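Peer 1: Data: run24.cif, mmCIF, C-alpha atoms and all ligand atoms.
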data_start
#
loop_
_atom_site.label_atom_id
_atom_site.label_comp_id
_atom_site.auth_asym_id
_atom_site.auth_seq_id
_atom_site.Cartn_x
_atom_site.Cartn_y
_atom_site.Cartn_z
CA MET J 13 0.00 0.00 0.00
CA GLN J 14 1.32 3.41 -0.97
CA TYR J 15 0.84 6.32 1.40
CA ASP J 16 0.36 9.95 0.48
CA ALA J 17 2.14 11.56 3.44
CA GLN J 18 0.59 15.01 2.97
CA ALA J 19 -2.96 13.61 2.76
CA LEU J 20 -2.23 11.63 5.92
CA ILE J 21 -1.07 14.74 7.83
CA GLU J 22 -4.09 16.66 6.54
CA SER J 23 -6.45 14.08 7.98
CA LEU J 24 -4.85 14.01 11.47
CA ALA J 25 -6.92 15.32 14.39
CA THR J 26 -3.70 16.76 15.84
CA ALA J 27 -2.70 20.23 14.70
CA VAL J 28 0.59 20.06 12.80
CA LEU J 29 2.73 23.05 11.84
CA LEU J 30 5.99 22.97 9.95
CA THR J 31 8.44 25.85 10.34
CA ASP J 32 11.68 26.79 8.64
CA SER J 33 14.84 27.28 10.70
CA ASN J 34 13.75 30.87 11.46
CA LEU J 35 10.48 29.54 12.93
CA ARG J 36 8.46 30.93 10.04
CA ILE J 37 5.43 28.71 9.46
CA VAL J 38 5.66 27.02 6.06
CA TYR J 39 2.89 24.45 6.40
CA ALA J 40 -0.26 24.07 8.55
CA ASN J 41 -2.71 21.16 8.35
CA SER J 42 -6.50 21.50 8.60
CA ALA J 43 -6.52 20.64 12.34
CA ALA J 44 -4.11 23.55 12.94
CA GLN J 45 -6.50 25.94 11.17
CA GLN J 46 -9.34 24.65 13.32
CA LEU J 47 -7.35 24.86 16.55
CA PHE J 48 -6.11 28.41 16.00
CA LEU J 49 -9.19 29.52 14.06
CA LEU J 50 -6.90 31.07 11.46
CA SER J 51 -6.83 30.37 7.74
CA ARG J 52 -3.86 28.58 6.23
CA SER J 53 -2.79 31.71 4.35
CA LYS J 54 -2.89 33.73 7.60
CA LEU J 55 -0.85 31.06 9.44
CA LEU J 56 1.75 31.06 6.64
CA GLN J 57 2.37 34.76 7.30
CA LEU J 58 3.32 34.10 10.93
CA LYS J 59 6.23 32.79 12.93
CA LEU J 60 5.56 30.06 15.50
CA THR J 61 6.45 32.53 18.26
CA ASP J 62 3.75 34.96 17.02
CA LEU J 63 1.18 32.40 18.14
CA LEU J 64 2.58 32.06 21.67
CA ASP J 65 1.91 34.06 24.79
CA LYS J 66 5.10 36.11 25.13
CA GLU J 67 5.27 35.61 28.91
CA GLN J 68 6.49 32.05 28.34
CA LYS J 69 10.12 33.15 27.94
CA ASN J 70 11.73 29.80 28.86
CA LEU J 71 9.56 28.00 26.36
CA ILE J 72 10.39 30.48 23.59
CA ASP J 73 14.11 30.09 24.39
CA SER J 74 13.74 26.30 24.20
CA ILE J 75 12.05 26.60 20.82
CA TYR J 76 14.88 28.74 19.46
CA SER J 77 17.41 26.24 20.87
CA ALA J 78 15.54 23.40 19.16
CA THR J 79 16.31 24.95 15.75
CA LYS J 80 20.07 24.57 16.36
CA PRO J 81 21.83 21.61 14.71
CA TYR J 82 22.07 18.47 16.91
CA SER J 83 19.54 19.79 19.42
CA THR J 84 16.76 17.42 20.45
CA GLY J 85 13.05 18.06 20.32
CA PHE J 86 10.92 18.46 23.44
CA PHE J 87 7.43 18.24 24.85
CA ALA J 88 5.66 20.98 26.83
CA SER J 89 2.28 20.72 28.45
CA LYS J 90 -0.35 23.42 28.91
CA VAL J 91 1.30 25.96 26.62
CA LEU J 92 -0.62 29.19 26.20
CA PHE J 93 -1.26 30.26 22.60
CA VAL J 94 -2.69 33.67 21.74
CA PRO J 95 -3.48 33.43 18.01
CA GLU J 96 -5.34 36.75 18.14
CA PRO J 97 -5.70 39.42 20.84
CA ASN J 98 -8.39 38.38 23.37
CA ARG J 99 -8.37 34.75 22.29
CA CYS J 100 -6.21 32.19 24.00
CA ILE J 101 -5.90 28.42 23.74
CA THR J 102 -4.14 26.00 26.04
CA ALA J 103 -2.48 23.12 24.23
CA ASP J 104 0.15 20.43 24.74
CA LEU J 105 3.06 20.98 22.41
CA SER J 106 5.57 18.59 20.95
CA ILE J 107 8.51 19.80 18.88
CA ALA J 108 10.78 17.68 16.71
CA HIS J 109 13.47 18.31 14.12
CA TYR J 110 12.53 18.19 10.51
CA SER J 111 15.11 17.67 7.82
CA GLY J 112 13.39 16.86 4.58
CA LYS J 113 13.59 19.42 1.83
CA GLY J 114 14.95 22.25 3.96
CA LYS J 115 15.38 22.29 7.73
CA GLY J 116 13.03 23.34 10.46
CA LEU J 117 10.70 22.11 13.17
CA VAL J 118 7.62 19.90 13.18
CA VAL J 119 5.23 21.22 15.79
CA GLU J 120 2.28 19.15 17.06
CA CYS J 121 -0.38 20.79 19.27
CA ARG J 122 -3.23 19.12 21.10
CA SER J 123 -5.82 21.34 22.74
CA VAL J 124 -6.28 20.67 26.45
CA ASP J 125 -8.99 23.29 27.01
CA TYR J 126 -11.87 20.91 26.54
CA GLN J 127 -10.34 18.17 28.68
CA GLN J 128 -9.41 20.82 31.26
CA LYS J 129 -12.98 22.05 31.36
CA ILE J 130 -14.24 18.54 31.99
CA ASN J 131 -11.64 17.95 34.73
CA ASP J 132 -12.46 21.29 36.38
CA GLU J 133 -16.14 20.38 36.31
CA ILE J 134 -15.48 17.00 37.96
CA GLN J 135 -13.31 18.65 40.63
CA ARG J 136 -15.87 21.38 41.30
CA ARG J 137 -18.56 18.76 41.65
CA SER J 138 -16.60 16.72 44.18
CA GLN J 139 -15.86 19.87 46.22
CA HIS J 140 -19.52 20.74 46.12
CA LEU J 141 -20.56 17.25 47.24
CA ALA J 142 -18.06 17.39 50.13
CA ALA J 143 -19.42 20.79 51.27
CA ARG J 144 -22.98 19.55 50.94
CA ASP J 145 -22.29 16.39 52.96
CA LEU J 146 -20.67 18.45 55.70
CA ILE J 147 -23.62 20.82 55.92
CA ARG J 148 -26.10 17.96 55.86
CA SER J 149 -24.35 16.13 58.73
CA LEU J 150 -24.35 19.38 60.69
CA ALA J 151 -28.04 19.93 59.93
CA HIS J 152 -28.77 16.39 61.04
CA GLU J 153 -26.98 16.98 64.35
CA ILE J 154 -28.95 20.20 64.95
CA LYS J 155 -32.30 18.61 64.16
CA ASN J 156 -32.43 16.19 67.12
CA PRO J 157 -31.72 18.58 70.01
CA LEU J 158 -34.04 21.07 68.34
CA GLY J 159 -36.94 18.67 68.83
CA GLY J 160 -35.98 18.40 72.51
CA ILE J 161 -35.82 22.19 72.97
CA ARG J 162 -39.24 22.65 71.35
CA GLY J 163 -40.75 19.84 73.42
CA ALA J 164 -39.34 21.23 76.67
CA ALA J 165 -40.67 24.72 75.83
CA GLN J 166 -44.12 23.23 75.19
CA LEU J 167 -44.02 21.45 78.56
CA VAL J 168 -43.06 24.68 80.35
CA ASP J 169 -45.89 26.42 78.51
CA MET J 170 -48.40 23.78 79.50
CA THR J 171 -47.27 23.88 83.14
CA TYR J 172 -46.83 27.65 83.58
CA GLY J 173 -48.82 28.94 80.58
CA SER J 174 -51.10 31.02 82.74
CA ASP J 175 -48.15 33.31 83.50
CA GLN J 176 -48.44 35.70 80.53
CA ALA J 177 -44.80 36.83 80.55
CA LEU J 178 -43.56 33.24 80.62
CA HIS J 179 -45.99 32.32 77.86
CA GLU J 180 -44.44 35.04 75.64
CA TYR J 181 -40.97 33.54 76.22
CA THR J 182 -42.01 29.98 75.44
CA LYS J 183 -43.84 31.24 72.34
CA VAL J 184 -40.59 32.80 71.08
CA ILE J 185 -38.67 29.58 71.77
CA ILE J 186 -41.25 27.48 69.92
CA GLU J 187 -41.46 29.88 66.94
CA GLN J 188 -37.70 30.10 66.58
CA ALA J 189 -37.30 26.32 66.94
CA ASP J 190 -39.87 25.88 64.14
CA ARG J 191 -38.04 28.39 61.96
CA LEU J 192 -34.76 26.54 62.52
CA LYS J 193 -36.48 23.22 61.80
CA THR J 194 -37.64 24.49 58.38
CA LEU J 195 -34.12 25.70 57.62
CA VAL J 196 -32.56 22.42 58.75
CA ASN J 197 -35.08 20.40 56.70
CA ASN J 198 -34.21 22.44 53.62
CA LEU J 199 -30.52 21.92 54.31
CA LEU J 200 -31.11 18.18 54.51
CA GLY J 201 -32.59 18.39 51.03
CA PRO J 202 -35.43 16.44 49.45
CA GLN J 203 -36.02 13.48 51.71
CA ARG J 204 -37.87 10.64 50.02
CA PRO J 205 -37.59 10.87 46.24
CA ASN J 206 -40.86 10.21 44.43
CA PRO J 207 -40.92 7.61 41.69
CA LEU J 208 -40.16 8.84 38.18
CA THR J 209 -43.00 8.99 35.69
CA LEU J 210 -42.84 9.68 31.96
CA CYS J 211 -43.80 13.30 31.49
CA ASN J 212 -43.62 16.08 28.93
CA ILE J 213 -41.32 18.79 30.28
CA HIS J 214 -43.60 21.52 28.91
CA TYR J 215 -46.33 20.36 31.28
CA VAL J 216 -43.97 21.05 34.22
CA ILE J 217 -42.82 24.39 32.82
CA GLU J 218 -46.37 25.58 32.13
CA LYS J 219 -47.45 24.70 35.67
CA VAL J 220 -44.54 26.64 37.17
CA LEU J 221 -45.13 29.57 34.81
CA SER J 222 -48.78 29.87 35.79
CA LEU J 223 -47.73 30.08 39.45
CA GLU J 224 -45.02 32.67 38.74
CA THR J 225 -47.33 34.74 36.50
CA MET J 226 -49.90 34.86 39.28
CA GLU J 227 -47.31 35.85 41.84
CA THR J 228 -45.70 38.58 39.74
CA ARG J 229 -49.10 39.92 38.61
CA GLY J 230 -48.01 40.78 35.09
CA LYS J 231 -45.05 42.90 36.19
CA ILE J 232 -42.60 40.55 34.49
CA ARG J 233 -42.90 39.42 30.88
CA PHE J 234 -42.53 35.65 30.43
CA LYS J 235 -41.47 34.61 26.94
CA LYS J 236 -41.70 31.03 25.73
CA ASP J 237 -39.72 29.32 23.03
CA TYR J 238 -40.49 25.60 23.17
CA ASP J 239 -39.48 22.75 20.92
CA PRO J 240 -42.76 20.82 20.93
CA SER J 241 -41.17 17.78 19.30
CA LEU J 242 -39.15 16.93 22.43
CA PRO J 243 -40.08 13.45 23.67
CA GLU J 244 -41.28 12.76 27.21
CA LEU J 245 -38.73 11.78 29.81
CA PRO J 246 -38.84 10.15 33.27
CA LEU J 247 -39.32 12.84 35.89
CA ASP J 248 -40.00 13.25 39.56
CA VAL J 249 -42.57 15.87 38.56
CA ASN J 250 -42.99 17.59 41.95
CA ALA J 251 -39.26 17.79 42.51
CA MET J 252 -38.61 19.11 39.00
CA GLU J 253 -41.28 21.76 39.54
CA GLN J 254 -39.45 22.75 42.72
CA ALA J 255 -36.12 23.00 40.89
CA LEU J 256 -37.64 25.23 38.20
CA ILE J 257 -39.45 27.38 40.76
CA ASN J 258 -36.17 27.93 42.63
CA ILE J 259 -34.38 29.07 39.46
CA ILE J 260 -37.23 31.24 38.16
CA SER J 261 -37.90 32.82 41.58
CA ASN J 262 -34.27 33.86 41.76
CA ALA J 263 -34.65 35.57 38.38
CA VAL J 264 -37.90 37.23 39.55
CA GLN J 265 -36.23 38.42 42.76
CA ALA J 266 -33.16 39.73 40.89
CA LEU J 267 -35.37 41.64 38.42
CA THR J 268 -37.69 43.16 41.04
CA GLU J 269 -35.05 43.97 43.65
CA ASN J 270 -32.90 45.63 40.98
CA LYS J 271 -35.93 47.43 39.47
CA THR J 272 -34.77 46.30 36.02
CA PRO J 273 -36.54 48.23 33.24
CA HIS J 274 -38.66 45.97 30.96
CA PRO J 275 -38.06 42.88 33.13
CA ALA J 276 -38.33 39.66 31.14
CA ILE J 277 -37.68 35.97 31.65
CA GLU J 278 -37.42 33.61 28.71
CA LEU J 279 -38.00 29.86 28.89
CA LYS J 280 -36.62 27.86 26.04
CA THR J 281 -36.48 24.10 25.48
CA ARG J 282 -34.18 22.37 23.04
CA ALA J 283 -32.50 19.04 22.40
CA ARG J 284 -28.72 18.93 22.75
CA HIS J 285 -26.40 16.35 21.27
CA GLY J 286 -23.10 15.37 22.86
CA ALA J 287 -23.41 17.22 26.20
CA TRP J 288 -20.78 16.29 28.80
CA ILE J 289 -22.20 15.41 32.20
CA ASN J 290 -19.69 14.43 34.89
CA GLY J 291 -17.13 13.40 32.33
CA ILE J 292 -19.56 11.29 30.28
CA LYS J 293 -20.67 12.27 26.79
CA ILE J 294 -24.46 12.02 26.56
CA PRO J 295 -25.80 11.36 23.04
CA THR J 296 -29.07 13.30 23.45
CA SER J 297 -30.34 15.46 26.27
CA LEU J 298 -33.09 17.94 26.86
CA VAL J 299 -32.11 21.47 27.83
CA ILE J 300 -34.34 23.96 29.61
CA VAL J 301 -32.86 27.44 29.28
CA VAL J 302 -34.00 30.15 31.70
CA THR J 303 -32.73 33.60 30.70
CA ASP J 304 -33.37 36.89 32.49
CA ASN J 305 -32.29 40.44 31.70
CA GLY J 306 -31.51 41.31 35.33
CA PRO J 307 -28.35 42.59 37.01
CA GLY J 308 -26.41 39.31 36.79
CA ILE J 309 -24.92 37.15 39.51
CA PRO J 310 -22.56 39.00 41.86
CA GLU J 311 -18.92 38.17 40.96
CA ASN J 312 -18.01 37.19 44.53
CA ILE J 313 -20.44 34.24 44.63
CA LYS J 314 -20.11 32.98 41.06
CA GLU J 315 -17.58 30.25 41.91
CA THR J 316 -19.60 28.83 44.81
CA LEU J 317 -23.08 29.61 43.45
CA PHE J 318 -24.49 26.10 43.95
CA TYR J 319 -23.08 25.61 47.45
CA PRO J 320 -25.66 25.64 50.22
CA MET J 321 -25.89 28.89 52.22
CA VAL J 322 -24.33 31.04 49.48
CA THR J 323 -26.52 34.09 49.06
CA SER J 324 -26.32 37.79 48.28
CA ARG J 325 -29.80 38.56 49.57
CA ALA J 326 -30.42 39.69 53.15
CA SER J 327 -33.51 37.51 53.43
CA GLY J 328 -32.07 34.57 51.43
CA ASN J 329 -30.98 31.25 52.88
CA GLY J 330 -28.83 30.39 49.89
CA LEU J 331 -30.57 27.04 49.48
CA GLY J 332 -32.63 27.43 46.29
CA LEU J 333 -29.88 26.57 43.82
CA SER J 334 -28.34 23.88 46.00
CA ILE J 335 -31.72 22.12 46.21
CA ALA J 336 -32.33 22.59 42.47
CA GLN J 337 -28.97 21.03 41.76
CA SER J 338 -29.64 18.01 44.01
CA ILE J 339 -32.95 17.46 42.20
CA VAL J 340 -31.43 17.72 38.73
CA GLU J 341 -28.57 15.41 39.75
CA ARG J 342 -31.13 12.82 40.87
CA HIS J 343 -32.28 12.87 37.25
CA ASN J 344 -28.64 12.28 36.23
CA GLY J 345 -28.51 15.82 34.83
CA MET J 346 -26.67 19.03 35.58
CA ILE J 347 -27.22 22.79 35.76
CA GLU J 348 -24.99 25.24 33.91
CA CYS J 349 -24.91 28.96 34.53
CA GLN J 350 -23.52 31.92 32.59
CA SER J 351 -24.07 35.44 33.78
CA VAL J 352 -23.11 38.97 32.84
CA PRO J 353 -24.98 42.14 33.79
CA GLY J 354 -28.13 42.23 31.64
CA LYS J 355 -28.13 38.51 30.84
CA THR J 356 -28.20 35.55 33.20
CA ILE J 357 -28.69 32.08 31.77
CA PHE J 358 -29.42 28.90 33.72
CA LYS J 359 -29.50 25.66 31.72
CA ILE J 360 -31.00 22.50 33.17
CA ILE J 361 -29.64 19.58 31.16
CA LEU J 362 -31.52 16.30 31.47
CA PRO J 363 -30.20 13.26 29.62
CA TYR J 364 -32.44 11.02 27.57
CA GLN J 365 -31.28 7.63 28.76
CA LYS J 366 -32.48 4.55 27.00
CA ASP J 367 -33.71 1.84 29.38
CA LYS J 368 -32.66 3.95 32.36
CA PHE J 369 -35.70 4.52 34.42
CA SER J 370 -34.26 4.76 37.89
CA SER J 371 -33.26 7.77 39.92
CA LYS J 372 -30.12 8.05 42.03
N1 LIG J 401 -31.09 35.03 37.99
C1 LIG J 401 -30.27 35.53 38.90
N2 LIG J 401 -29.82 36.82 38.80
C2 LIG J 401 -28.99 37.35 39.72
N3 LIG J 401 -28.52 36.67 40.79
C3 LIG J 401 -28.92 35.41 40.95
C4 LIG J 401 -29.81 34.76 40.03
N4 LIG J 401 -30.01 33.49 40.45
C5 LIG J 401 -29.29 33.35 41.58
N5 LIG J 401 -28.65 34.50 41.89
C6 LIG J 401 -27.75 34.73 43.04
O1 LIG J 401 -27.46 33.48 43.60
C7 LIG J 401 -27.67 33.51 45.00
C8 LIG J 401 -28.02 32.13 45.48
O2 LIG J 401 -29.30 31.73 45.04
P1 LIG J 401 -30.11 30.67 45.88
O3 LIG J 401 -31.44 30.46 45.24
O4 LIG J 401 -29.27 29.46 46.12
O5 LIG J 401 -30.30 31.37 47.29
P2 LIG J 401 -31.20 32.63 47.66
O6 LIG J 401 -32.14 32.94 46.55
O7 LIG J 401 -30.29 33.74 48.09
O8 LIG J 401 -31.99 32.10 48.93
P3 LIG J 401 -33.20 31.02 48.96
O9 LIG J 401 -33.37 30.52 47.55
O10 LIG J 401 -32.73 29.96 49.88
O11 LIG J 401 -34.35 31.79 49.42
C9 LIG J 401 -28.74 34.56 45.20
O12 LIG J 401 -28.66 35.13 46.49
C10 LIG J 401 -28.38 35.58 44.12
O13 LIG J 401 -27.36 36.43 44.57
MG MG J 402 -33.33 31.45 45.71
#
When written as structure tokens, how does the structure in this file appear?
Ligand SMILES: Nc1ncnc2c1ncn2[C@@H]1O[C@H](COP(=O)(O)OP(=O)(O)OP(=O)(O)O)[C@@H](O)[C@H]1O
Ligand SMILES: [Mg+2]

Peer 2:
Amino acid sequence: MQYDAQALIESLATAVLLTDSNLRIVYANSAAQQLFLLSRSKLLQLKLTDLLDKEQKNLIDSIYSATKPYSTGFFASKVLFVPEPNRCITADLSIAHYSGKGKGLVVECRSVDYQQKINDEIQRRSQHLAARDLIRSLAHEIKNPLGGIRGAAQLVDMTYGSDQALHEYTKVIIEQADRLKTLVNNLLGPQRPNPLTLCNIHYVIEKVLSLETMETRGKIRFKKDYDPSLPELPLDVNAMEQALINIISNAVQALTENKTPHPAIELKTRARHGAWINGIKIPTSLVIVVTDNGPGIPENIKETLFYPMVTSRASGNGLGLSIAQSIVERHNGMIECQSVPGKTIFKIILPYQKDKFSSK
């Protein structure tokens, strides 16, 4: 079998650049054009060093050294490329000598951004689970003595209730114990998951929207953009309603508290192919996109947004998103969030799983 070397290099998934001994790029395969998002003719006007972040002085020195006769090639991981201002790519780089017609370097680059994003997501998730477990154990420990305190206050009330001043005190103890109990129950999260039933997601969304429309009394415009062809999927309907309510109420609160002009919330449903959930590529999933035109999520809580007790609101418990995330995770899904002032987007991604009809 005869090989056409150039056709072979063209069809590689790895980006390959060839430079002359002055590091001027003389060849770039298709994968290189895709990686750097630059046309071949543009790449051929550049030197390899033009593509690199200039802060990487040691690396640039090593590349120059690699052009010298008898020097060996090398491998560098997580190299920062800046093919254009404001656009950077992290890639693993391997450099080898080339001495065919002319001399120079063969440069192979493999993007690590995507893999990095997946790894970061997995790490963030495990940190989140650790924080959530800690808070749940704490909540569990608080719950038991709380019952005792409430019971004792009731006994005191029954015994000495005729004393009005004492009655006021026991009333405060009982009220505050009840308030703490609600908080602790929320911290413990949804207790007994309901069975999953096949359901059209638009039924859930419509139900939540009718509640929110009533509550906001027409002050907020709700826009809908549904894909009616989306198939049903197994849902814990009550829990999924709760998750959606938590996300939409946050948007409502952000819009009203900020007095956003022309406040609007859009609900969109779409199918997505090839979403990554916890490091696994899901062939087809359903995405519910909730977008509001409010002030955006405060920078200081963006990183820990889904952790319990993270809030920017004086009256907030910081539990809405943590609960929503637990619910969506029980459906083997995930929630994504992007936010800038004027546009906050929450995406609930729910996988369509063949023959998988059980919740976690
Ligand atoms: N659409 C949004 N726009 C702006 N900020 C948001 C939005 N959604 C969430 N946030 C921010 O995320 C924080 C956490 O939300 P979360 O629902 O977990 O808690 P909370 O709303 O503060 O309290 P709780 O839901 O327990 O009453 C909020 O305090 C708010 O700062
Ligand atoms: Mg909330």

Peer 1: Give one line per residue of chain J that approaches ligand LIG 401 (chain J) to at most 6 Å, naming the two atoms of the closest pair and their distance in Å to one decimal, counting only C-alpha atoms and all ligand atoms; sort by chain then ascending residue number and deliver it as CSV.

Peer 2:
residue,atom,partner,partner_atom,distance
J:Asn258,CA,J:LIG401,O3,6.0
J:Asn262,CA,J:LIG401,N4,4.5
J:Ala263,CA,J:LIG401,N1,3.6
J:Ala266,CA,J:LIG401,N2,4.9
J:Gly306,CA,J:LIG401,N2,5.9
J:Pro307,CA,J:LIG401,C2,5.9
J:Gly308,CA,J:LIG401,C2,4.4
J:Ile309,CA,J:LIG401,N3,3.9
J:Leu317,CA,J:LIG401,O1,5.8
J:Val322,CA,J:LIG401,C8,5.6
J:Thr323,CA,J:LIG401,O12,3.5
J:Ser324,CA,J:LIG401,O12,4.0
J:Arg325,CA,J:LIG401,O12,4.7
J:Gly328,CA,J:LIG401,O8,3.5
J:Asn329,CA,J:LIG401,O10,3.7
J:Gly330,CA,J:LIG401,O5,3.1
J:Leu331,CA,J:LIG401,O10,3.7
J:Gly332,CA,J:LIG401,O9,3.4
J:Leu333,CA,J:LIG401,O4,3.7
J:Ser334,CA,J:LIG401,O4,5.7
J:Thr356,CA,J:LIG401,N1,5.6

Peer 1: Using only C-alpha atoms, which protein or nucleic acid residues come within 10 Å of region 32-35 of chain J? Drop anything in the same chain fewer than 2 positions from it, and give the result as number ranges by chain.

Peer 2: J: 30, 37-39, 58-62, 75-76, 78-81, 109-111, 114-118

Peer 1: Using Å and a single decimal, report how far CA of Val352 (chain J) sits from CA of Asp237 (chain J).

Peer 2: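 Taking CA of Asp237 (chain J) and CA of Val352 (chain J), their separation equals 21.6 Å.
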
Peer 1: Compile the contact shell of Asn98 (chain J) as a ChimeraX atom specification: residues with an atom at most 12 Å away, counting all atoms listed in the file, same-chain residues fewer than 4 positions apart removed.

Peer 2: /J:65,93-94

Peer 1: For the residues selected in the previous step, produce a file with C-alpha atoms as an mmCIF file, in the coordinates of the input.

Peer 2:
data_model
loop_
_atom_site.group_PDB
_atom_site.id
_atom_site.type_symbol
_atom_site.label_atom_id
_atom_site.label_comp_id
_atom_site.auth_asym_id
_atom_site.auth_seq_id
_atom_site.Cartn_x
_atom_site.Cartn_y
_atom_site.Cartn_z
ATOM 1 C CA ASP J 65 1.910 34.060 24.790
ATOM 2 C CA PHE J 93 -1.260 30.260 22.600
ATOM 3 C CA VAL J 94 -2.690 33.670 21.740
#

Peer 1: Would you please work out which residue, of J:Ile289, J:Thr316, J:Val264, J:Ala283, is nearest to ligand MG 402 (chain J) when using all atoms listed in the file?

Peer 2: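 Of all the options, J:Val264 lies closest to ligand MG 402 (chain J).
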
Peer 1: In Å, with one decimal, what is the gap from CA of Leu29 (chain J) to CA of Ala44 (chain J)?

Peer 2: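 Computing it gives 6.9 Å between the two atoms.
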
Peer 1: Excluding same-chain residues fewer than 5 positions from Asn212 (chain J), what lies within 8 Å of it counting all atoms listed in the file, as a ChimeraX atom specification?

Peer 2: /J:242-245

Peer 1: Could you write out the selected residues, including C-alpha atoms, as a compact mmCIF listing (two decimals), in the coordinates of the input?

Peer 2:
# COMPACT_ATOMS: atom_id res chain seq x y z
CA LEU J 242 -39.15 16.93 22.43
CA PRO J 243 -40.08 13.45 23.67
CA GLU J 244 -41.28 12.76 27.21
CA LEU J 245 -38.73 11.78 29.81

Peer 1: Just how far from CA of Ala40 (chain J) is CA of Ile107 (chain J), in Å to one decimal?

Peer 2: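 Separation of CA of Ile107 (chain J) and CA of Ala40 (chain J): 14.2 Å.
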
Peer 1: Please determine, counting only C-alpha atoms, which residue among J:Arg144, J:Lys280, J:Arg233, J:Arg52 has the shortest atom-to-atom distance to His214 (chain J).

Peer 2: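 Of J:Arg144, J:Lys280, J:Arg233, J:Arg52, the one nearest His214 (chain J), counting only C-alpha atoms, is J:Lys280.
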
Peer 1: Rank nothing, just name the residue among J:Thr26, J:Gln45, J:Ser149, J:Tyr364 nearest to Gly286 (chain J), using all atoms listed in the file.

Peer 2: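 Of all the options, J:Tyr364 lies closest to Gly286 (chain J).
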
Peer 1: Using only C-alpha atoms and all ligand atoms, can you tell me which of J:Asn270, J:Gln265, J:Asn344, J:Thr281 comes closest to ligand MG 402 (chain J)?

Peer 2: J:Gln265

Peer 1: Which is closest to ligand MG 402 (chain J) among J:Gly159, J:Pro353, J:Pro295, J:Pro320, if we use all atoms listed in the file?

Peer 2: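 Nearest to ligand MG 402 (chain J): J:Pro320.
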
Peer 1: Point out the residue among J:Ala251, J:Ile185, J:Leu199, J:Leu50 with the least atom-to-atom distance to Met321 (chain J), counting only C-alpha atoms.

Peer 2: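 Residue with the minimum atom-to-atom distance to Met321 (chain J): J:Leu199.
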
Peer 1: Take every atom of region 46-52 of chain J listed in the file, pad by 6 Å on each side, and give me the axis-aligned box centre and edge lengths in Å, one decimal, as JSON.

Peer 2:
{"center_x": -6.6, "center_y": 27.9, "center_z": 11.4, "size_x": 17.5, "size_y": 18.4, "size_z": 22.3}

Peer 1: List the neighbours of Gly163 (chain J) out to 10 Å using all atoms listed in the file; skip same-chain residues closer than 5 positions along the sequence, and give me the result as a PyMOL selection string.

Peer 2: chain J and resi 157-158+168-169+186+189

Peer 1: May I have the residues at most 12 Å from (-38.2, 26.6, 29.7) in the file's coordinates, counting all atoms listed in the file, as a PyMOL selection string?

Peer 2: chain J and resi 212-221+234-240+252-253+255-257+259-260+277-283+298-304+357-361

Peer 1: List as a JSON list (two decimals) with C-alpha atoms, keeping the file's coordinate frame the protein and nucleic acid residues near region 102-105 of chain J, meaning an atom at most 7 Å away when all atoms listed in the file are counted, but skip any in the same chain fewer than 4 places from it.

Peer 2:
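Wrote it out as around-v8.json, contents follow:
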[["chain", "number", "residue", "atom", "x", "y", "z"],
["J", 87, "PHE", "CA", 7.43, 18.24, 24.85],
["J", 88, "ALA", "CA", 5.66, 20.98, 26.83],
["J", 89, "SER", "CA", 2.28, 20.72, 28.45],
["J", 90, "LYS", "CA", -0.35, 23.42, 28.91],
["J", 91, "VAL", "CA", 1.30, 25.96, 26.62],
["J", 92, "LEU", "CA", -0.62, 29.19, 26.20],
["J", 93, "PHE", "CA", -1.26, 30.26, 22.60],
["J", 119, "VAL", "CA", 5.23, 21.22, 15.79],
["J", 120, "GLU", "CA", 2.28, 19.15, 17.06],
["J", 121, "CYS", "CA", -0.38, 20.79, 19.27],
["J", 122, "ARG", "CA", -3.23, 19.12, 21.10],
["J", 123, "SER", "CA", -5.82, 21.34, 22.74],
["J", 124, "VAL", "CA", -6.28, 20.67, 26.45],
["J", 125, "ASP", "CA", -8.99, 23.29, 27.01]]
